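Worksheet for the structure shown next.
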Protein chains: 2
Amino acid sequence: MAVNLARRLLNEGHAILAIDDLSRGKRELLAEFNEHPRFAFEQLDCGDADTLSSAVDKLGAQIDHVWHLAANSDIPAGLADPRIDRDRTFQTTFAVLDVMRRHSIPELHFASSSAIYGDLGDREIHEDIGPLLPISNYGAMKLASEAQIRAAVEAFLPRADIFRFPNVIGVPATHGVIVDFIRKLKATPDRLDVLGDGTQQKAYLHVDDLVDAMCHVSQLPGRYKVFNIGPKDDGVTVRTIAELVRDRVSPSANICFGEGNRGWIGDVPRFRYSTERLTNTGWTPKLSSIEAVRRAIDQIACEESRNWSKP
Amino acid sequence: MAVNLARRLLNEGHAILAIDDLSRGKRELLAEFNEHPRFAFEQLDCGDADTLSSAVDKLGAQIDHVWHLAANSDIPAGLADPRIDRDRTFQTTFAVLDVMRRHSIPELHFASSSAIYGDLGDREIHEDIGPLLPISNYGAMKLASEAQIRAAVEAFLPRADIFRFPNVIGVPATHGVIVDFIRKLKATPDRLDVLGDGTQQKAYLHVDDLVDAMCHVSQLPGRYKVFNIGPKDDGVTVRTIAELVRDRVSPSANICFGEGNRGWIGDVPRFRYSTERLTNTGWTPKLSSIEAVRRAIDQIACEESRNWSKP
């Protein structure tokens, strides 16, 4: 998502200081910006406020917006060691706010998650719903981040946007169900093992739609704005994704399902996601969940085969 | 509250390992337990999981319950330096959960706060309300703690209770509006300066009622229980408290009010607090807000005059 957002903001004429610890991303994903006169990059841990602040000092220009996307995206890893989510998902937010206060940066755009809601069963999830019952450390630390941002808006921060979105797919892809399935089929072309029974259903948003929605929301008035971002449909099952990937990558493979409708602890099996607040502002996604899945499978399959063919 | 809870649990026959960093409390407040055969005390930072875990190892007995009350209670201090709430309010919860996992301690009772709700205006605040918009770092880090506990219940923790309560008063008193007013009048017996215009109204719960409610809730069935605890009334204004303290401590003093109805950033001016979930289980507080305030003023005035008369 960071690459797609950077491309968009540069195209709009903004200058960017991109910061990443490259713990999960790769520097080469940013190669297209290397010669860009309005693009700078620093490799550092966003959870370290002093280092982050030094990078802002070094830039020597006033920053007007922070797009805070840094987080641990590996939910099972955060389950095994909660410090990962605490440090990469919550502490990065804490440090970003600290630096925004020190440097009087007025506007924060924060990539939160539908994971803050937890498993609310069949209830329709709108932004003001309660109770919030995150069931993963990832969701807990995104909620902790939102809480800290809300308090910062009360204390010193002029403006903040909170974007809550479900699964995002597209390229560049570093993780997620589609990448997993494609890589599994590369390793064992005759068999695809799926966590859970395949009935798990999720909404999928294409990264191009997500970036478009975030930029749209960032232009709306309001001091503290919270928006669900997602497709208008109820999503696609894991079974459908497995079949589409198999058909695209290795048509003769057998798909072997596990048991239960959760892939891992902290995984929400299905939910109904209201994006009415967003669509009421005039924005709608270009792709439905199934269209986003089909496009992402094509894009990721191409990307992965390029990677495989590299020496 | 820790002292009152310890007294209650010892009276019920439990054994206690009390842990406190004594950053705001005093060891002498626990003097009454010094000779008790079922009471042990360790001075350490609850935010340090390894040290906390060593204390549990050293105890050499299986622990069945954790009552986690550790937090920064100085909201303005947390506003000036958000690290205080992060480290003392959130990180203590994080470390406690870590230690509970390591030692297979099955049950957590957590002192949360009405501050997680933020300023919801005239809406009646029940436990499932949304959105949650904490306006202090204290409230944000209590919400972060709740979120982390909820995720822990999903992952490994068998049982957790969340107690959300407003202002608690009684003795021993280390901070709060009544202590502040009494100490101000001790310093300047003819004048009492009040932050804000005095119209700020809050619900007050006496610590004896709070401890009784927490013990009551801890006995109810359920894996993850969230309860508001508070009086049934809408509270008492700061003006009333100031007048009652003045009448008790220094009747001839002038009360000088400030402006606005917030004492500090992050302070919620008034709210309607639903305790219906709790009263439906058969528990009701013995004291109303005004009764709690009157009793606490008497108790704290006595306590403070004892302190002043010490050599």
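Residues are named by chain letter and number: chains run A, B, ... in the order of the structure tokens, numbers start at 1 in each chain, and ligands are numbered from 1 in the order shown.
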
Test item: chain B residues at most 10 Å from chain A, counting only C-alpha atoms, as a PyMOL selection string: chain B and resi 79-83+86+90-91+94-95+97-98+116+118+126-156+226+264-266

Please, could you write that set of residues out with C-alpha atoms as an mmCIF file, in the first residue's frame?
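Contents of the output file result.cif:
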data_model
loop_
_atom_site.group_PDB
_atom_site.id
_atom_site.type_symbol
_atom_site.label_atom_id
_atom_site.label_comp_id
_atom_site.auth_asym_id
_atom_site.auth_seq_id
_atom_site.Cartn_x
_atom_site.Cartn_y
_atom_site.Cartn_z
ATOM 1 C CA LEU B 79 -0.947 14.750 29.316
ATOM 2 C CA ALA B 80 2.393 16.500 29.806
ATOM 3 C CA ASP B 81 4.298 13.293 29.055
ATOM 4 C CA PRO B 82 2.318 10.531 27.309
ATOM 5 C CA ARG B 83 5.066 8.010 28.119
ATOM 6 C CA ARG B 86 1.985 4.265 28.113
ATOM 7 C CA PHE B 90 -0.686 0.141 29.294
ATOM 8 C CA GLN B 91 2.683 -1.565 29.660
ATOM 9 C CA PHE B 94 0.930 -5.969 28.806
ATOM 10 C CA ALA B 95 3.492 -7.345 31.260
ATOM 11 C CA LEU B 97 -0.689 -10.680 30.701
ATOM 12 C CA ASP B 98 2.730 -11.959 29.682
ATOM 13 C CA ILE B 116 -12.320 4.915 28.001
ATOM 14 C CA GLY B 118 -14.547 9.906 26.454
ATOM 15 C CA HIS B 126 -23.746 1.603 28.973
ATOM 16 C CA GLU B 127 -20.989 -0.957 28.533
ATOM 17 C CA ASP B 128 -21.680 -1.718 24.851
ATOM 18 C CA ILE B 129 -21.868 1.887 23.666
ATOM 19 C CA GLY B 130 -19.839 3.158 20.737
ATOM 20 C CA PRO B 131 -17.867 4.921 19.509
ATOM 21 C CA LEU B 132 -15.208 4.913 22.206
ATOM 22 C CA LEU B 133 -13.432 8.259 22.054
ATOM 23 C CA PRO B 134 -11.083 8.654 25.017
ATOM 24 C CA ILE B 135 -9.886 12.229 25.393
ATOM 25 C CA SER B 136 -7.017 11.652 27.825
ATOM 26 C CA ASN B 137 -3.906 9.532 27.439
ATOM 27 C CA TYR B 138 -5.027 7.814 30.625
ATOM 28 C CA GLY B 139 -8.333 6.801 29.043
ATOM 29 C CA ALA B 140 -6.554 5.814 25.822
ATOM 30 C CA MET B 141 -4.167 3.501 27.657
ATOM 31 C CA LYS B 142 -6.981 1.970 29.729
ATOM 32 C CA LEU B 143 -8.775 1.237 26.451
ATOM 33 C CA ALA B 144 -5.555 -0.171 25.002
ATOM 34 C CA SER B 145 -5.302 -2.398 28.077
ATOM 35 C CA GLU B 146 -8.849 -3.653 27.656
ATOM 36 C CA ALA B 147 -8.171 -4.420 24.000
ATOM 37 C CA GLN B 148 -5.035 -6.386 24.839
ATOM 38 C CA ILE B 149 -6.914 -8.316 27.545
ATOM 39 C CA ARG B 150 -9.720 -9.142 25.126
ATOM 40 C CA ALA B 151 -7.210 -10.521 22.616
ATOM 41 C CA ALA B 152 -5.536 -12.512 25.421
ATOM 42 C CA VAL B 153 -8.884 -14.099 26.298
ATOM 43 C CA GLU B 154 -9.114 -15.211 22.685
ATOM 44 C CA ALA B 155 -5.582 -16.597 22.711
ATOM 45 C CA PHE B 156 -4.826 -18.101 26.121
ATOM 46 C CA VAL B 226 -17.375 -5.974 31.414
ATOM 47 C CA TRP B 264 -7.792 20.176 32.435
ATOM 48 C CA ILE B 265 -7.505 18.823 28.899
ATOM 49 C CA GLY B 266 -8.846 15.303 28.865
#

Backbone-only DSSP, strand (DSSP E) members of region 172-309 of chain B, as an NGL selection string: :B and (191-194 or 201-202 or 204-206 or 224-228 or 236-237 or 254-257 or 272-273)

Those same residues - C-alpha atoms - I'd like them written as a JSON list (two decimals), in the first residue's frame.
[["chain", "number", "residue", "atom", "x", "y", "z"],
["B", 191, "ARG", "CA", -8.90, 30.96, 50.12],
["B", 192, "LEU", "CA", -9.70, 27.93, 47.96],
["B", 193, "ASP", "CA", -8.86, 28.19, 44.25],
["B", 194, "VAL", "CA", -10.87, 25.80, 42.07],
["B", 201, "GLN", "CA", -20.42, 17.30, 37.71],
["B", 202, "LYS", "CA", -19.15, 13.78, 38.30],
["B", 204, "TYR", "CA", -18.32, 9.46, 42.86],
["B", 205, "LEU", "CA", -18.04, 5.96, 44.18],
["B", 206, "HIS", "CA", -16.78, 5.19, 47.65],
["B", 224, "TYR", "CA", -15.09, -12.04, 29.64],
["B", 225, "LYS", "CA", -17.21, -9.74, 31.76],
["B", 226, "VAL", "CA", -17.38, -5.97, 31.41],
["B", 227, "PHE", "CA", -19.18, -3.95, 34.07],
["B", 228, "ASN", "CA", -19.68, -0.28, 34.73],
["B", 236, "VAL", "CA", -22.06, 15.96, 42.47],
["B", 237, "THR", "CA", -20.69, 19.25, 41.17],
["B", 254, "ASN", "CA", -13.50, 32.18, 50.11],
["B", 255, "ILE", "CA", -13.93, 29.85, 47.17],
["B", 256, "CYS", "CA", -12.54, 31.28, 43.92],
["B", 257, "PHE", "CA", -13.66, 29.58, 40.73],
["B", 272, "ARG", "CA", -24.66, 9.87, 32.47],
["B", 273, "TYR", "CA", -23.37, 6.53, 33.59]]

Straight-line distance linking CA of Phe39 (chain A) with CA of Arg306 (chain A), stated in Å to one decimal: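 Taking CA of Phe39 (chain A) and CA of Arg306 (chain A), their separation equals 26.0 Å.
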
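The interatomic distance for the pair CA of Arg183 (chain B) and CA of Val249 (chain B) works out to 9.8 Å.
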
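We find CA of Ala301 (chain A) and CA of Ala18 (chain A) to be spaced 27.2 Å apart.
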
All alpha helix (DSSP H) residues (DSSP, backbone) inside region 69-121 of chain A, as a PyMOL selection string: chain A and resi 75-80+82-85+91-103

Taking N, CA and C atoms for each residue, export the selection above as a short mmCIF file (atom, residue, chain, number, x, y, z; two decimals), in the first residue's frame.
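Once written, selection_19.cif looks like this:
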data_model
loop_
_atom_site.label_atom_id
_atom_site.label_comp_id
_atom_site.auth_asym_id
_atom_site.auth_seq_id
_atom_site.Cartn_x
_atom_site.Cartn_y
_atom_site.Cartn_z
N ILE A 75 -0.41 -11.41 11.46
CA ILE A 75 -1.24 -11.61 12.65
C ILE A 75 -0.81 -12.85 13.44
N PRO A 76 -0.58 -13.99 12.80
CA PRO A 76 -0.12 -15.16 13.59
C PRO A 76 1.21 -14.91 14.31
N ALA A 77 2.13 -14.15 13.70
CA ALA A 77 3.39 -13.84 14.39
C ALA A 77 3.12 -13.04 15.66
N GLY A 78 2.18 -12.11 15.59
CA GLY A 78 1.82 -11.31 16.74
C GLY A 78 1.13 -12.12 17.83
N LEU A 79 0.47 -13.18 17.42
CA LEU A 79 -0.13 -14.08 18.40
C LEU A 79 0.95 -14.84 19.15
N ALA A 80 1.95 -15.29 18.42
CA ALA A 80 3.04 -16.06 19.05
C ALA A 80 3.86 -15.16 19.98
N PRO A 82 3.33 -11.33 21.44
CA PRO A 82 2.55 -10.07 21.44
C PRO A 82 3.43 -8.83 21.38
N ARG A 83 4.72 -8.95 21.71
CA ARG A 83 5.59 -7.78 21.65
C ARG A 83 5.71 -7.25 20.23
N ILE A 84 5.53 -8.13 19.23
CA ILE A 84 5.63 -7.69 17.84
C ILE A 84 4.55 -6.66 17.52
N ASP A 85 3.32 -6.96 17.90
CA ASP A 85 2.24 -5.99 17.66
C ASP A 85 2.38 -4.76 18.54
N GLN A 91 3.50 0.99 19.17
CA GLN A 91 4.59 1.92 19.49
C GLN A 91 4.94 2.82 18.31
N THR A 92 4.77 2.33 17.10
CA THR A 92 5.00 3.20 15.94
C THR A 92 4.03 4.37 15.96
N THR A 93 2.78 4.12 16.30
CA THR A 93 1.80 5.21 16.39
C THR A 93 2.19 6.18 17.49
N PHE A 94 2.58 5.63 18.63
CA PHE A 94 2.97 6.46 19.77
C PHE A 94 4.12 7.39 19.39
N ALA A 95 5.13 6.83 18.72
CA ALA A 95 6.31 7.61 18.34
C ALA A 95 5.96 8.63 17.25
N VAL A 96 5.13 8.24 16.31
CA VAL A 96 4.72 9.17 15.25
C VAL A 96 4.01 10.38 15.86
N LEU A 97 3.13 10.13 16.83
CA LEU A 97 2.44 11.25 17.49
C LEU A 97 3.43 12.14 18.24
N ASP A 98 4.37 11.53 18.89
CA ASP A 98 5.39 12.29 19.62
C ASP A 98 6.14 13.22 18.66
N VAL A 99 6.53 12.67 17.52
CA VAL A 99 7.28 13.46 16.54
C VAL A 99 6.40 14.55 15.93
N MET A 100 5.13 14.25 15.71
CA MET A 100 4.21 15.27 15.17
C MET A 100 4.07 16.41 16.16
N ARG A 101 4.04 16.10 17.45
CA ARG A 101 3.96 17.16 18.45
C ARG A 101 5.23 18.00 18.44
N ARG A 102 6.38 17.31 18.44
CA ARG A 102 7.66 18.05 18.48
C ARG A 102 7.83 18.98 17.28
N HIS A 103 7.35 18.53 16.11
CA HIS A 103 7.59 19.28 14.87
C HIS A 103 6.35 20.04 14.39
#

Leu44 (chain B) environment, 7 Å, only C-alpha atoms, sequence neighbours closer than 3 positions dropped, as a PyMOL selection string: chain B and resi 19-21

Atoms kept (N, CA and C atoms) for selection, written as a PDB file, in the first residue's frame:
ATOM      1  N   ILE B  19       2.093  -6.290  44.853  1.00  0.00           N
ATOM      2  CA  ILE B  19       3.224  -5.757  44.089  1.00  0.00           C
ATOM      3  C   ILE B  19       2.938  -4.309  43.745  1.00  0.00           C
ATOM      4  N   ASP B  20       3.897  -3.451  44.013  1.00  0.00           N
ATOM      5  CA  ASP B  20       3.723  -2.024  43.716  1.00  0.00           C
ATOM      6  C   ASP B  20       5.110  -1.414  43.556  1.00  0.00           C
ATOM      7  N   ASP B  21       5.212  -0.435  42.662  1.00  0.00           N
ATOM      8  CA  ASP B  21       6.515   0.234  42.527  1.00  0.00           C
ATOM      9  C   ASP B  21       6.648   1.386  43.531  1.00  0.00           C
TER      10      ASP B  21
END

Selection: 9 Å around Ile178 (chain A), only C-alpha atoms, excl. self and same-chain fewer than 5 positions, as a list in words: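 So, after excluding close chain neighbours, the residues are Ile169, Ala173, Arg183, Ile241, Ala242, Val245, Val293, Ala296, Ile297, Ile300 and Ala301 of chain A.
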
Keeping C-alpha atoms for every residue in the selection just given, could you write it to a file as a PDB file, in the first residue's frame?
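Result file is again-v5.pdb:
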ATOM      1  CA  ILE A 169      -5.021  -7.059  -2.026  1.00  0.00           C
ATOM      2  CA  ALA A 173       2.160  -8.132  -2.486  1.00  0.00           C
ATOM      3  CA  ARG A 183       3.681 -19.912  -3.295  1.00  0.00           C
ATOM      4  CA  ILE A 241     -10.069 -17.796  -3.755  1.00  0.00           C
ATOM      5  CA  ALA A 242      -8.385 -21.206  -3.560  1.00  0.00           C
ATOM      6  CA  VAL A 245      -5.744 -19.351  -7.708  1.00  0.00           C
ATOM      7  CA  VAL A 293      -9.625 -10.962  -6.025  1.00  0.00           C
ATOM      8  CA  ALA A 296      -5.048  -9.339  -7.653  1.00  0.00           C
ATOM      9  CA  ILE A 297      -4.570 -13.010  -8.580  1.00  0.00           C
ATOM     10  CA  ILE A 300       0.376 -11.361  -8.130  1.00  0.00           C
ATOM     11  CA  ALA A 301       0.781 -14.387 -10.368  1.00  0.00           C
TER      12      ALA A 301
END
